[in-house]
2 protein chains.
Amino acid sequence: MARIVMKFGGTSVGDLDRIHNVAQRVKREVEAGNQVAVVVSAMSGVTNQLVKYCTELSPLHDAREYDAVVATGEQVTSGLLAICLQENGIDARSWQGWQIPIRTDTAHGKARIQEIDGSELIRRMTEQNQVAVVAGFQGLAPDNRITTLGRGGSDTSAVALAAALKADRCDIYTDVDGVYTTDPRIVPRARKLDKISYEEMLELASVGAKVLQTRSVELAMNEHVRVRVLSSFKDGLANDTEGTLVVDEDEIVEKQNVSGIAYSRDEAKITVRRVPDRPGIAASIFGALAEQNANVDMIVQNISADGTTDMTFTVGKADLPRARTALAGVKEQIGYAELLEDPDVAKVSVVGVGMRSHAGVANTMFRALADKAINIQVISTSEIKVSVLIAAEYTELAVRALHTAYGLDG
Amino acid sequence: MARIVMKFGGTSVGDLDRIHNVAQRVKREVEAGNQVAVVVSAMSGVTNQLVKYCTELSPLHDAREYDAVVATGEQVTSGLLAICLQENGIDARSWQGWQIPIRTDTAHGKARIQEIDGSELIRRMTEQNQVAVVAGFQGLAPDNRITTLGRGGSDTSAVALAAALKADRCDIYTDVDGVYTTDPRIVPRARKLDKISYEEMLELASVGAKVLQTRSVELAMNEHVRVRVLSSFKDGLANDTEGTLVVDEDEIVEKQNVSGIAYSRDEAKITVRRVPDRPGIAASIFGALAEQNANVDMIVQNISADGTTDMTFTVGKADLPRARTALAGVKEQIGYAELLEDPDVAKVSVVGVGMRSHAGVANTMFRALADKAINIQVISTSEIKVSVLIAAEYTELAVRALHTAYGLDG
């Protein structure tokens with residue numbers, strides 16, 4: 001017997017047939033003797049429609065009212081799944097964020113969970129074997145108003161609930177059947193990983209493998225929640241080899257140098273040319289960008305030649321106009337020569353906890369790219385990741401070359 | 001300055017343009033110096049879609065889950081209208097049933113309001129001139145679960161809120177511009193009534209003038225809430241002559257013998273032939289019907305001839321199969337000869353508080369129908385109403401004849 005949280009995303013509950021399939025899957029877990037809580041997203045398309053309503057009525061709408069409106073999507077799914085489970089002979093009831101309650105801060109539209117009172121849910125799971133069907137994505141602010149956690153927030157709801165319920169596992173059902181060594185659409189020989197560490201998952205998530213919301217992985221790491229990513233479109237009882245388990249690094253015996261290759265085409269490169277090389281210049285540039293809420297990712301500064309230097313960095317493509325405005329505003333103050341923009345770039349990253357103890361990981365990357373004559377524009381490294389910026393047209397070629405170079409081909 | 005509750009039904013908030021119109025109307029009341037609370041229904045079509053989901057998943061779904069699902073329709077509208085009011089420079093916020101709270105009993109799907117705590121809303125109306133946008137149709141059961149009040153329940157929400165807020169008036173905006181002496185589609189010369197008593201409105205509502213939910217009128221009568229029915233599709237600030245005011249009989253100076261002619265084609269006639277005329281027979285028949293939840297309206301029993309009698313009554317057309325089953329089940333026990341059914345009947349009623357003090361009202365009706373050679377099948381009277389059952393094909397003819405006979409033609 002295990003206590004598990006099962007989370008189903010929008011496509012997994014996209015219509016009544018799929019809700020019926022979800023009910024069957026939950027039923028199998030219950031019949032296998034497990035205590036189950038389910039977290040559901042809105043039916044696919046519903047949230048977008050509700051957001052559109054809010055935006056059309058007022059581009060700068062009150063985030064508290066936005067939350068009241070969009071939280072209804074998950075409310076509907078929770079009620080419908082409870083009905084469907086009951087129809088299948090399973091005792092179940094829906095729970096809204098305010099009923100549990102799932103307490104959050106007041107940051108409407110992107111609230112953070114602060115506390116979940118899981119006592120009543122645990123009582124019903126243990127005493128009545130009742131399935132709790134929890135509306136994901138939503139919570140309750142201290143002033144008794146509905147909050148939402150931001151897009152993809154239902155993953156975070158599920159992990160936080162798993163922690164509160166002291167669940168043995170948090171199963172995230174989605175439209176992919178696990179985490180792969182890279183995007184299978186680019187590399188058909190990509191392999192599904194059986195296990196991956198929280199740290200690796202975080203790096204993969206933040207560089208473009210959009211399987212789990214970043215915050216949910218951080219939370220899982222902090223709360224030691226065993227998360228499994230698996231497909232809701234497969235039948236049968238989930239077994240131990242299905243999906244990908246996201247766990248503490250200690251649980252991974254065979255540590256690969258490199259676990260996966262990720263890529264992102266969502267960034268743009270900016271170069272500030274001939275910046276006077278004096279203390280405080282970097283602070284001026286990135287202070288101006290922060291004030292405009294332009295999120296900076298990779299940063300490279302070369303050593304100075306003639307008293308000036310070139311500063312290169314990347315921002316999200318959507319932030320490019322804001323970054324341009326910010327830098328134009330401080331041109332006088334900083335006194336740089338010119339601003340170069342290049343939106344046609346891709347960031348390719350190799351990720352693996354094993355690289356901590358293995359030298360030469362970065363070098364393998366550079367050599368593999370050089371063999372394909374792919375020019376590296378920017379390099380950035382972290383403890384378990386090496387990222388390079390290249391021309392966007394080489395993305396697939398680079399990913400394939402690296403997948404082979406690190407011996408990941410299946 | 002007045003404190004008013006404004007209620008808008010589903011067609012009045014059917015799309016974003018209409019929500020915008022509603023916001024304009026609310027704004028005009030606020031700018032005229034009034035304190036305003038608004039009660040909204042779901043956007044038209046939304047509730048039907050949600051009900052359909054529940055029914056398709058399980059014909060006999062849990063009413064508590066049904067309530068969680070369908071209550072979202074009003075939640076969405078309340079948030080959207082609050083956003084739209086803010087965009088128009090009006091301070092506003094949405095309130096869900098559980099936030100106020102609007103306390104109800106536990107009769108999910110058809111709950112009754114028991115108590116509304118209006119203190120916080122009054123404080124915000126008086127101190128901040130903030131408009132409360134309240135989700136209609138919904139409330140909170142003692143066990144902290146969402147309830148709904150049954151179809152058309154938003155009218156009741158509005159009247160109950162008006163009572164709790166000690167509002168000067170409850171304006172019900174709908175797709176008709178008031179209560180008419182009869183259906184204008186049948187009698188083009190029907191006149192809009194400026195005032196009507198609660199009692200008359202009740203009789204008109206229950207016999208087919210579907211302007212207000214019956215329960216909302218009962219509540220208004222008990223709580224002395226001045227209700228006004230008016231159109232949401234007219235422009236300009238509502239003035240005193242607009243719509244129809246539903247008030248205490250005392251406020252109506254010129255009492256008409258007959259205020260209006262109503263009709264209903266929703267009933268079916270059943271005759272139980274040759275029932276043994278002994279004590280307890282009526283109880284057997286109507287007890288069996290009640291057990292099957294078949295709602296009986298008019299009942300006629302003739303005096304006995306040869307030790308048997310004929311019992312005629314009407315039930316809602318939708319209840320006809322259930323009534324048939326119920327009566328078949330007690331045929332042995334009662335020992336009646338046969339069962340006659342006639343679904344092609346119409347009930348036509350004349351309603352007016354003035355008939356209490358005026359003789360001859362019923363006779364005028366019978367004569368007018370006789371002049372048109374319309375046969376009366378069943379007669380039923382109350383203090384302020386005379387109803388007759390006739391063949392359905394004569395409905396329009398009868399309504400027109402009576403409208404003229406009572407001098408109601410405009």
# chains A, B, ... in the order shown; residues from 1 in each chain; ligands from 1
>>> residues_around(residues="Glu383 in chain A", least_positions_apart="5", cutoff="8 Å", atoms="only C-alpha atoms", output="MDAnalysis selection string")
chainID A and resid 353 355:356
>>> write_last_selection(atoms="C-alpha atoms", output="short mmCIF file (atom, residue, chain, number, x, y, z; two decimals), in the first residue's frame")
data_model
loop_
_atom_site.label_atom_id
_atom_site.label_comp_id
_atom_site.auth_asym_id
_atom_site.auth_seq_id
_atom_site.Cartn_x
_atom_site.Cartn_y
_atom_site.Cartn_z
CA VAL A 353 25.32 15.51 -12.28
CA MET A 355 30.16 16.08 -14.82
CA ARG A 356 31.05 17.26 -11.31
#
>>> closest_atom_pairs(of="chain B", to="chain A", cutoff="10 Å", atoms="only C-alpha atoms", output="tab-separated table")
residue	atom	partner	partner_atom	distance
B:Asp15	CA	A:Tyr53	CA	9.4
B:Leu16	CA	A:Leu57	CA	7.1
B:Asp17	CA	A:Leu57	CA	9.0
B:Ile19	CA	A:Leu57	CA	9.0
B:His20	CA	A:Leu57	CA	8.0
B:Leu50	CA	A:Val76	CA	8.1
B:Tyr53	CA	A:Leu16	CA	7.3
B:Cys54	CA	A:Leu80	CA	6.3
B:Thr55	CA	A:Ile83	CA	9.4
B:Glu56	CA	A:Leu16	CA	8.1
B:Leu57	CA	A:Cys84	CA	5.7
B:Ser58	CA	A:Glu87	CA	6.0
B:Pro59	CA	A:Glu87	CA	9.0
B:Leu60	CA	A:Glu87	CA	8.4
B:His61	CA	A:Ile83	CA	5.9
B:Asp62	CA	A:Ile83	CA	6.3
B:Ala63	CA	A:Ile83	CA	9.2
B:Arg64	CA	A:Gly79	CA	8.5
B:Glu65	CA	A:Gly79	CA	4.9
B:Tyr66	CA	A:Gly79	CA	6.7
B:Asp67	CA	A:Gly79	CA	8.3
B:Ala68	CA	A:Gly79	CA	5.9
B:Val69	CA	A:Val76	CA	4.6
B:Val70	CA	A:Val76	CA	7.6
B:Ala71	CA	A:Val76	CA	8.9
B:Thr72	CA	A:Thr72	CA	5.4
B:Gly73	CA	A:Thr72	CA	8.1
B:Glu74	CA	A:Val69	CA	9.5
B:Gln75	CA	A:Val69	CA	6.5
B:Val76	CA	A:Val69	CA	4.6
B:Thr77	CA	A:Val69	CA	7.7
B:Ser78	CA	A:Val69	CA	8.0
B:Gly79	CA	A:Glu65	CA	4.8
B:Leu80	CA	A:Cys54	CA	6.3
B:Leu81	CA	A:Leu57	CA	8.8
B:Ala82	CA	A:Glu65	CA	6.9
B:Ile83	CA	A:His61	CA	5.9
B:Cys84	CA	A:Leu57	CA	5.7
B:Leu85	CA	A:Leu57	CA	9.4
B:Gln86	CA	A:Asp62	CA	8.0
B:Glu87	CA	A:Ser58	CA	6.0
B:Asn88	CA	A:Ser58	CA	9.4
B:Ala92	CA	A:Glu65	CA	9.8
B:Arg93	CA	A:Glu65	CA	7.3
B:Ser94	CA	A:Glu65	CA	6.9
B:Trp95	CA	A:Arg145	CA	8.9
B:Gln96	CA	A:Ala68	CA	8.8
B:Trp98	CA	A:Trp98	CA	9.4
B:Gln99	CA	A:Asn144	CA	7.1
B:Ile100	CA	A:Asn144	CA	10.0
B:Asn144	CA	A:Gln99	CA	7.1
B:Arg145	CA	A:Gln99	CA	7.7
B:Ile146	CA	A:Gln99	CA	9.7
>>> write_last_selection(atoms="C-alpha atoms", output="PDB file, in the first residue's frame")
ATOM      1  CA  ASP B  15     -21.036  38.220 -24.163  1.00  0.00           C
ATOM      2  CA  LEU B  16     -18.333  40.793 -23.470  1.00  0.00           C
ATOM      3  CA  ASP B  17     -20.240  43.570 -25.268  1.00  0.00           C
ATOM      4  CA  ILE B  19     -21.122  42.886 -19.942  1.00  0.00           C
ATOM      5  CA  HIS B  20     -19.778  46.234 -21.074  1.00  0.00           C
ATOM      6  CA  LEU B  50     -21.952  22.529 -17.475  1.00  0.00           C
ATOM      7  CA  TYR B  53     -21.182  17.626 -18.748  1.00  0.00           C
ATOM      8  CA  CYS B  54     -22.453  16.390 -15.367  1.00  0.00           C
ATOM      9  CA  THR B  55     -25.376  14.517 -16.854  1.00  0.00           C
ATOM     10  CA  GLU B  56     -23.288  12.853 -19.549  1.00  0.00           C
ATOM     11  CA  LEU B  57     -20.746  11.618 -17.012  1.00  0.00           C
ATOM     12  CA  SER B  58     -23.439  10.283 -14.717  1.00  0.00           C
ATOM     13  CA  PRO B  59     -27.210  10.622 -15.087  1.00  0.00           C
ATOM     14  CA  LEU B  60     -27.556  10.327 -11.296  1.00  0.00           C
ATOM     15  CA  HIS B  61     -24.610  12.544 -10.358  1.00  0.00           C
ATOM     16  CA  ASP B  62     -23.759  13.698  -6.852  1.00  0.00           C
ATOM     17  CA  ALA B  63     -25.618  17.003  -6.383  1.00  0.00           C
ATOM     18  CA  ARG B  64     -22.716  18.367  -4.324  1.00  0.00           C
ATOM     19  CA  GLU B  65     -20.323  17.935  -7.241  1.00  0.00           C
ATOM     20  CA  TYR B  66     -22.920  19.265  -9.664  1.00  0.00           C
ATOM     21  CA  ASP B  67     -23.061  22.415  -7.536  1.00  0.00           C
ATOM     22  CA  ALA B  68     -19.259  22.797  -7.537  1.00  0.00           C
ATOM     23  CA  VAL B  69     -19.301  22.542 -11.323  1.00  0.00           C
ATOM     24  CA  VAL B  70     -22.256  24.751 -12.254  1.00  0.00           C
ATOM     25  CA  ALA B  71     -21.511  27.504  -9.704  1.00  0.00           C
ATOM     26  CA  THR B  72     -18.448  28.402 -11.794  1.00  0.00           C
ATOM     27  CA  GLY B  73     -20.641  30.093 -14.415  1.00  0.00           C
ATOM     28  CA  GLU B  74     -21.620  32.896 -12.041  1.00  0.00           C
ATOM     29  CA  GLN B  75     -18.089  33.078 -10.637  1.00  0.00           C
ATOM     30  CA  VAL B  76     -16.726  33.883 -14.098  1.00  0.00           C
ATOM     31  CA  THR B  77     -19.323  36.597 -14.758  1.00  0.00           C
ATOM     32  CA  SER B  78     -18.754  38.250 -11.373  1.00  0.00           C
ATOM     33  CA  GLY B  79     -15.002  38.527 -11.983  1.00  0.00           C
ATOM     34  CA  LEU B  80     -15.457  39.775 -15.545  1.00  0.00           C
ATOM     35  CA  LEU B  81     -17.983  42.444 -14.554  1.00  0.00           C
ATOM     36  CA  ALA B  82     -15.712  43.618 -11.716  1.00  0.00           C
ATOM     37  CA  ILE B  83     -12.855  43.953 -14.221  1.00  0.00           C
ATOM     38  CA  CYS B  84     -15.096  45.847 -16.630  1.00  0.00           C
ATOM     39  CA  LEU B  85     -16.340  48.220 -13.914  1.00  0.00           C
ATOM     40  CA  GLN B  86     -12.780  48.947 -12.815  1.00  0.00           C
ATOM     41  CA  GLU B  87     -11.838  49.640 -16.431  1.00  0.00           C
ATOM     42  CA  ASN B  88     -14.658  52.210 -16.369  1.00  0.00           C
ATOM     43  CA  ALA B  92     -15.683  47.174  -7.648  1.00  0.00           C
ATOM     44  CA  ARG B  93     -14.913  43.642  -6.491  1.00  0.00           C
ATOM     45  CA  SER B  94     -16.408  40.232  -7.021  1.00  0.00           C
ATOM     46  CA  TRP B  95     -17.904  38.154  -4.212  1.00  0.00           C
ATOM     47  CA  GLN B  96     -18.552  34.428  -4.345  1.00  0.00           C
ATOM     48  CA  TRP B  98     -18.736  31.380   0.162  1.00  0.00           C
ATOM     49  CA  GLN B  99     -16.895  34.668   0.589  1.00  0.00           C
ATOM     50  CA  ILE B 100     -19.801  36.782   1.818  1.00  0.00           C
ATOM     51  CA  ASN B 144     -18.346  24.383   3.756  1.00  0.00           C
ATOM     52  CA  ARG B 145     -19.420  23.065   0.358  1.00  0.00           C
ATOM     53  CA  ILE B 146     -20.842  25.096  -2.506  1.00  0.00           C
TER      54      ILE B 146
END
>>> residues_around(residues="Arg18 in chain A", least_positions_apart="6", cutoff="9 Å", atoms="only C-alpha atoms", output="number ranges by chain")
A: 11-12, 233
>>> write_last_selection(atoms="C-alpha atoms", output="JSON list (two decimals), in the first residue's frame")
[["chain", "number", "residue", "atom", "x", "y", "z"],
["A", 11, "THR", "CA", -4.84, 17.55, -22.39],
["A", 12, "SER", "CA", -5.29, 14.53, -20.08],
["A", 233, "PHE", "CA", -2.35, 8.01, -22.72]]
>>> residues_around(residues="Ala160 in chain A", least_positions_apart="5", cutoff="10 Å", atoms="only C-alpha atoms", output="PDB file with N, CA and C atoms, in the first residue's frame")
ATOM      1  N   VAL A   5      -0.078  10.866  -4.943  1.00  0.00           N
ATOM      2  CA  VAL A   5      -0.780  11.989  -5.566  1.00  0.00           C
ATOM      3  C   VAL A   5      -0.644  11.800  -7.069  1.00  0.00           C
ATOM      4  N   ILE A 102      -5.567  25.586   0.730  1.00  0.00           N
ATOM      5  CA  ILE A 102      -4.193  25.713   0.251  1.00  0.00           C
ATOM      6  C   ILE A 102      -3.837  27.191   0.394  1.00  0.00           C
ATOM      7  N   ILE A 113       2.604  28.939  -2.787  1.00  0.00           N
ATOM      8  CA  ILE A 113       1.951  28.197  -1.713  1.00  0.00           C
ATOM      9  C   ILE A 113       2.752  28.372  -0.429  1.00  0.00           C
ATOM     10  N   GLN A 114       2.063  28.659   0.669  1.00  0.00           N
ATOM     11  CA  GLN A 114       2.750  28.827   1.946  1.00  0.00           C
ATOM     12  C   GLN A 114       2.470  27.677   2.900  1.00  0.00           C
ATOM     13  N   GLU A 115       1.245  27.159   2.850  1.00  0.00           N
ATOM     14  CA  GLU A 115       0.892  26.098   3.790  1.00  0.00           C
ATOM     15  C   GLU A 115      -0.328  25.350   3.280  1.00  0.00           C
ATOM     16  N   ILE A 116      -0.311  24.042   3.439  1.00  0.00           N
ATOM     17  CA  ILE A 116      -1.483  23.239   3.093  1.00  0.00           C
ATOM     18  C   ILE A 116      -1.895  22.450   4.324  1.00  0.00           C
ATOM     19  N   SER A 154      -0.329  23.836 -11.678  1.00  0.00           N
ATOM     20  CA  SER A 154      -0.908  22.604 -11.132  1.00  0.00           C
ATOM     21  C   SER A 154       0.170  21.586 -10.762  1.00  0.00           C
ATOM     22  N   ASP A 155       1.314  21.599 -11.469  1.00  0.00           N
ATOM     23  CA  ASP A 155       2.434  20.735 -11.077  1.00  0.00           C
ATOM     24  C   ASP A 155       2.863  21.072  -9.654  1.00  0.00           C
ATOM     25  N   LEU A 165       0.661  15.719   2.360  1.00  0.00           N
ATOM     26  CA  LEU A 165       0.011  14.432   2.661  1.00  0.00           C
ATOM     27  C   LEU A 165       1.033  13.353   2.997  1.00  0.00           C
ATOM     28  N   LYS A 166       2.316  13.720   2.983  1.00  0.00           N
ATOM     29  CA  LYS A 166       3.392  12.752   3.199  1.00  0.00           C
ATOM     30  C   LYS A 166       3.224  11.567   2.245  1.00  0.00           C
ATOM     31  N   CYS A 170       4.583  11.296  -6.153  1.00  0.00           N
ATOM     32  CA  CYS A 170       3.724  12.242  -6.865  1.00  0.00           C
ATOM     33  C   CYS A 170       3.840  11.945  -8.351  1.00  0.00           C
ATOM     34  N   SER A 216       7.853  23.585  -9.425  1.00  0.00           N
ATOM     35  CA  SER A 216       7.434  22.307  -8.843  1.00  0.00           C
ATOM     36  C   SER A 216       8.653  21.426  -8.568  1.00  0.00           C
ATOM     37  N   LEU A 219      10.454  22.752  -5.475  1.00  0.00           N
ATOM     38  CA  LEU A 219       9.684  22.360  -4.289  1.00  0.00           C
ATOM     39  C   LEU A 219       9.902  20.884  -3.963  1.00  0.00           C
ATOM     40  N   ALA A 220       9.869  20.040  -5.004  1.00  0.00           N
ATOM     41  CA  ALA A 220      10.079  18.604  -4.807  1.00  0.00           C
ATOM     42  C   ALA A 220      11.454  18.337  -4.201  1.00  0.00           C
ATOM     43  N   GLU A 223      11.409  19.486  -0.510  1.00  0.00           N
ATOM     44  CA  GLU A 223      10.532  18.687   0.352  1.00  0.00           C
ATOM     45  C   GLU A 223      10.784  17.188   0.181  1.00  0.00           C
ATOM     46  N   VAL A 225      10.139  15.176  -2.298  1.00  0.00           N
ATOM     47  CA  VAL A 225       8.997  14.462  -2.877  1.00  0.00           C
ATOM     48  C   VAL A 225       9.477  13.707  -4.109  1.00  0.00           C
TER      49      VAL A 225
END
>>> select_by_dssp(residues="range 268-374 of chain B", states="strand (DSSP E)", output="PyMOL selection string")
chain B and resi 268-276+296-301+308-316+338-342+345-351
>>> write_last_selection(atoms="N, CA, C and O atoms", output="compact mmCIF listing (two decimals), in the first residue's frame")
# COMPACT_ATOMS: atom_id res chain seq x y z
N ALA B 268 -50.78 18.50 -18.14
CA ALA B 268 -51.55 17.45 -18.79
C ALA B 268 -52.68 17.06 -17.84
O ALA B 268 -52.54 17.15 -16.62
N LYS B 269 -53.82 16.68 -18.42
CA LYS B 269 -54.99 16.31 -17.62
C LYS B 269 -55.08 14.79 -17.50
O LYS B 269 -54.89 14.07 -18.47
N ILE B 270 -55.38 14.33 -16.30
CA ILE B 270 -55.59 12.90 -16.07
C ILE B 270 -56.95 12.72 -15.39
O ILE B 270 -57.28 13.46 -14.46
N THR B 271 -57.73 11.80 -15.89
CA THR B 271 -58.99 11.49 -15.23
C THR B 271 -58.97 10.02 -14.80
O THR B 271 -58.66 9.14 -15.61
N VAL B 272 -59.25 9.78 -13.53
CA VAL B 272 -59.38 8.42 -13.02
C VAL B 272 -60.87 8.12 -12.96
O VAL B 272 -61.61 8.72 -12.19
N ARG B 273 -61.29 7.22 -13.83
CA ARG B 273 -62.74 6.98 -14.03
C ARG B 273 -63.26 5.93 -13.05
O ARG B 273 -62.63 4.91 -12.80
N ARG B 274 -64.45 6.21 -12.53
CA ARG B 274 -65.21 5.27 -11.69
C ARG B 274 -64.37 4.78 -10.51
O ARG B 274 -64.13 3.58 -10.33
N VAL B 275 -63.97 5.76 -9.70
CA VAL B 275 -63.28 5.46 -8.46
C VAL B 275 -64.32 5.18 -7.39
O VAL B 275 -65.28 5.94 -7.28
N PRO B 276 -64.20 4.09 -6.61
CA PRO B 276 -65.15 3.85 -5.51
C PRO B 276 -65.17 5.05 -4.58
O PRO B 276 -64.12 5.56 -4.19
N VAL B 296 -48.91 17.62 -8.55
CA VAL B 296 -50.31 17.79 -8.96
C VAL B 296 -50.72 19.24 -8.79
O VAL B 296 -50.36 19.88 -7.81
N ASP B 297 -51.47 19.79 -9.77
CA ASP B 297 -51.90 21.18 -9.67
C ASP B 297 -53.40 21.25 -9.41
O ASP B 297 -53.86 21.21 -8.27
N MET B 298 -54.23 21.32 -10.45
CA MET B 298 -55.68 21.45 -10.27
C MET B 298 -56.27 20.08 -9.93
O MET B 298 -55.84 19.06 -10.47
N ILE B 299 -57.25 20.05 -9.05
CA ILE B 299 -57.94 18.80 -8.71
C ILE B 299 -59.44 19.05 -8.70
O ILE B 299 -59.90 20.03 -8.13
N VAL B 300 -60.20 18.16 -9.34
CA VAL B 300 -61.65 18.28 -9.31
C VAL B 300 -62.24 16.90 -9.01
O VAL B 300 -61.83 15.90 -9.59
N GLN B 301 -63.16 16.88 -8.07
CA GLN B 301 -63.87 15.64 -7.82
C GLN B 301 -65.36 15.94 -7.87
O GLN B 301 -65.84 16.80 -7.15
N THR B 308 -69.65 5.46 -7.27
CA THR B 308 -68.31 5.75 -7.81
C THR B 308 -68.28 7.21 -8.24
O THR B 308 -69.31 7.84 -8.40
N THR B 309 -67.05 7.71 -8.42
CA THR B 309 -66.89 9.10 -8.83
C THR B 309 -65.73 9.18 -9.82
O THR B 309 -64.94 8.24 -9.95
N ASP B 310 -65.65 10.30 -10.56
CA ASP B 310 -64.51 10.54 -11.45
C ASP B 310 -63.60 11.58 -10.80
O ASP B 310 -64.09 12.62 -10.34
N MET B 311 -62.31 11.29 -10.78
CA MET B 311 -61.35 12.21 -10.20
C MET B 311 -60.49 12.76 -11.33
O MET B 311 -59.84 11.99 -12.05
N THR B 312 -60.53 14.10 -11.51
CA THR B 312 -59.72 14.72 -12.58
C THR B 312 -58.68 15.64 -11.95
O THR B 312 -58.99 16.36 -10.99
N PHE B 313 -57.49 15.62 -12.50
CA PHE B 313 -56.45 16.52 -12.00
C PHE B 313 -55.43 16.77 -13.09
O PHE B 313 -55.44 16.11 -14.14
N THR B 314 -54.55 17.74 -12.84
CA THR B 314 -53.50 18.02 -13.82
C THR B 314 -52.13 17.82 -13.16
O THR B 314 -51.97 18.01 -11.96
N VAL B 315 -51.19 17.40 -14.00
CA VAL B 315 -49.78 17.30 -13.57
C VAL B 315 -48.94 17.98 -14.65
O VAL B 315 -49.40 18.18 -15.78
N GLY B 316 -47.71 18.35 -14.29
CA GLY B 316 -46.79 18.88 -15.29
C GLY B 316 -46.60 17.85 -16.38
O GLY B 316 -46.55 16.65 -16.10
N GLU B 338 -60.83 3.01 -15.25
CA GLU B 338 -59.82 3.30 -16.28
C GLU B 338 -59.18 4.65 -16.04
O GLU B 338 -59.63 5.45 -15.22
N LEU B 339 -58.10 4.88 -16.81
CA LEU B 339 -57.30 6.09 -16.69
C LEU B 339 -57.37 6.80 -18.03
O LEU B 339 -57.06 6.22 -19.06
N LEU B 340 -57.80 8.08 -18.03
CA LEU B 340 -57.82 8.86 -19.27
C LEU B 340 -56.76 9.94 -19.18
O LEU B 340 -56.63 10.61 -18.15
N GLU B 341 -56.00 10.09 -20.27
CA GLU B 341 -54.97 11.14 -20.29
C GLU B 341 -55.26 12.12 -21.41
O GLU B 341 -55.70 11.72 -22.48
N ASP B 342 -54.98 13.39 -21.17
CA ASP B 342 -55.08 14.38 -22.24
C ASP B 342 -53.98 15.41 -22.07
O ASP B 342 -54.05 16.28 -21.20
N VAL B 345 -54.01 20.22 -23.31
CA VAL B 345 -54.84 21.16 -22.56
C VAL B 345 -54.01 22.39 -22.23
O VAL B 345 -52.78 22.38 -22.26
N ALA B 346 -54.71 23.48 -21.92
CA ALA B 346 -54.05 24.70 -21.48
C ALA B 346 -54.79 25.24 -20.27
O ALA B 346 -56.01 25.07 -20.16
N LYS B 347 -54.02 25.80 -19.38
CA LYS B 347 -54.64 26.45 -18.22
C LYS B 347 -54.61 27.95 -18.45
O LYS B 347 -53.55 28.52 -18.73
N VAL B 348 -55.76 28.58 -18.38
CA VAL B 348 -55.84 30.04 -18.55
C VAL B 348 -56.35 30.61 -17.24
O VAL B 348 -57.31 30.12 -16.66
N SER B 349 -55.68 31.67 -16.77
CA SER B 349 -56.01 32.22 -15.45
C SER B 349 -56.19 33.72 -15.52
O SER B 349 -55.46 34.41 -16.23
N VAL B 350 -57.16 34.22 -14.78
CA VAL B 350 -57.27 35.67 -14.58
C VAL B 350 -56.85 35.93 -13.14
O VAL B 350 -57.21 35.21 -12.22
N VAL B 351 -56.02 36.98 -12.96
CA VAL B 351 -55.41 37.25 -11.66
C VAL B 351 -55.65 38.71 -11.28
O VAL B 351 -55.52 39.60 -12.12
>>> atom_distance(atom1="CA of Ala323 in chain A", atom2="CA of Asn295 in chain A")
8.7 Å
>>> closest_residue(among="B:Gly329, B:Pro142, B:Pro343, B:Pro279", to="Ala391 in chain B", atoms="only C-alpha atoms")
B:Pro343
>>> residues_around(residues="Leu121 in chain A", least_positions_apart="3", cutoff="9 Å", atoms="only C-alpha atoms", output="compact mmCIF listing (two decimals) with N, CA, C and O atoms, in the first residue's frame")
# COMPACT_ATOMS: atom_id res chain seq x y z
N ALA A 37 -4.83 10.82 -3.84
CA ALA A 37 -5.34 12.17 -4.05
C ALA A 37 -5.01 12.55 -5.48
O ALA A 37 -3.94 12.21 -5.98
N ILE A 100 -9.63 23.43 1.31
CA ILE A 100 -8.68 22.57 2.03
C ILE A 100 -8.16 23.23 3.31
O ILE A 100 -8.24 22.58 4.37
N ASP A 117 -3.15 22.59 4.71
CA ASP A 117 -3.67 21.80 5.81
C ASP A 117 -4.21 20.49 5.25
O ASP A 117 -5.32 20.44 4.73
N GLY A 118 -3.41 19.43 5.34
CA GLY A 118 -3.81 18.17 4.73
C GLY A 118 -4.54 17.23 5.67
O GLY A 118 -4.87 16.10 5.29
N ARG A 124 -9.79 11.35 5.59
CA ARG A 124 -10.71 10.69 4.67
C ARG A 124 -10.01 9.60 3.85
O ARG A 124 -10.62 8.58 3.51
N MET A 125 -8.73 9.84 3.49
CA MET A 125 -8.00 8.82 2.73
C MET A 125 -7.80 7.57 3.57
O MET A 125 -7.96 6.45 3.07
N THR A 126 -7.46 7.76 4.85
CA THR A 126 -7.12 6.60 5.68
C THR A 126 -8.37 5.92 6.23
O THR A 126 -8.47 4.70 6.23
N GLN A 130 -11.43 7.47 0.77
CA GLN A 130 -12.04 8.40 -0.17
C GLN A 130 -10.96 9.12 -0.98
O GLN A 130 -9.95 9.55 -0.42
N VAL A 131 -11.17 9.20 -2.28
CA VAL A 131 -10.23 9.90 -3.15
C VAL A 131 -10.51 11.40 -3.11
O VAL A 131 -11.64 11.83 -3.31
N ALA A 132 -9.48 12.18 -2.81
CA ALA A 132 -9.61 13.65 -2.86
C ALA A 132 -9.29 14.12 -4.27
O ALA A 132 -8.23 13.80 -4.79
N LEU A 165 0.66 15.72 2.36
CA LEU A 165 0.01 14.43 2.66
C LEU A 165 1.03 13.35 3.00
O LEU A 165 0.67 12.21 3.24
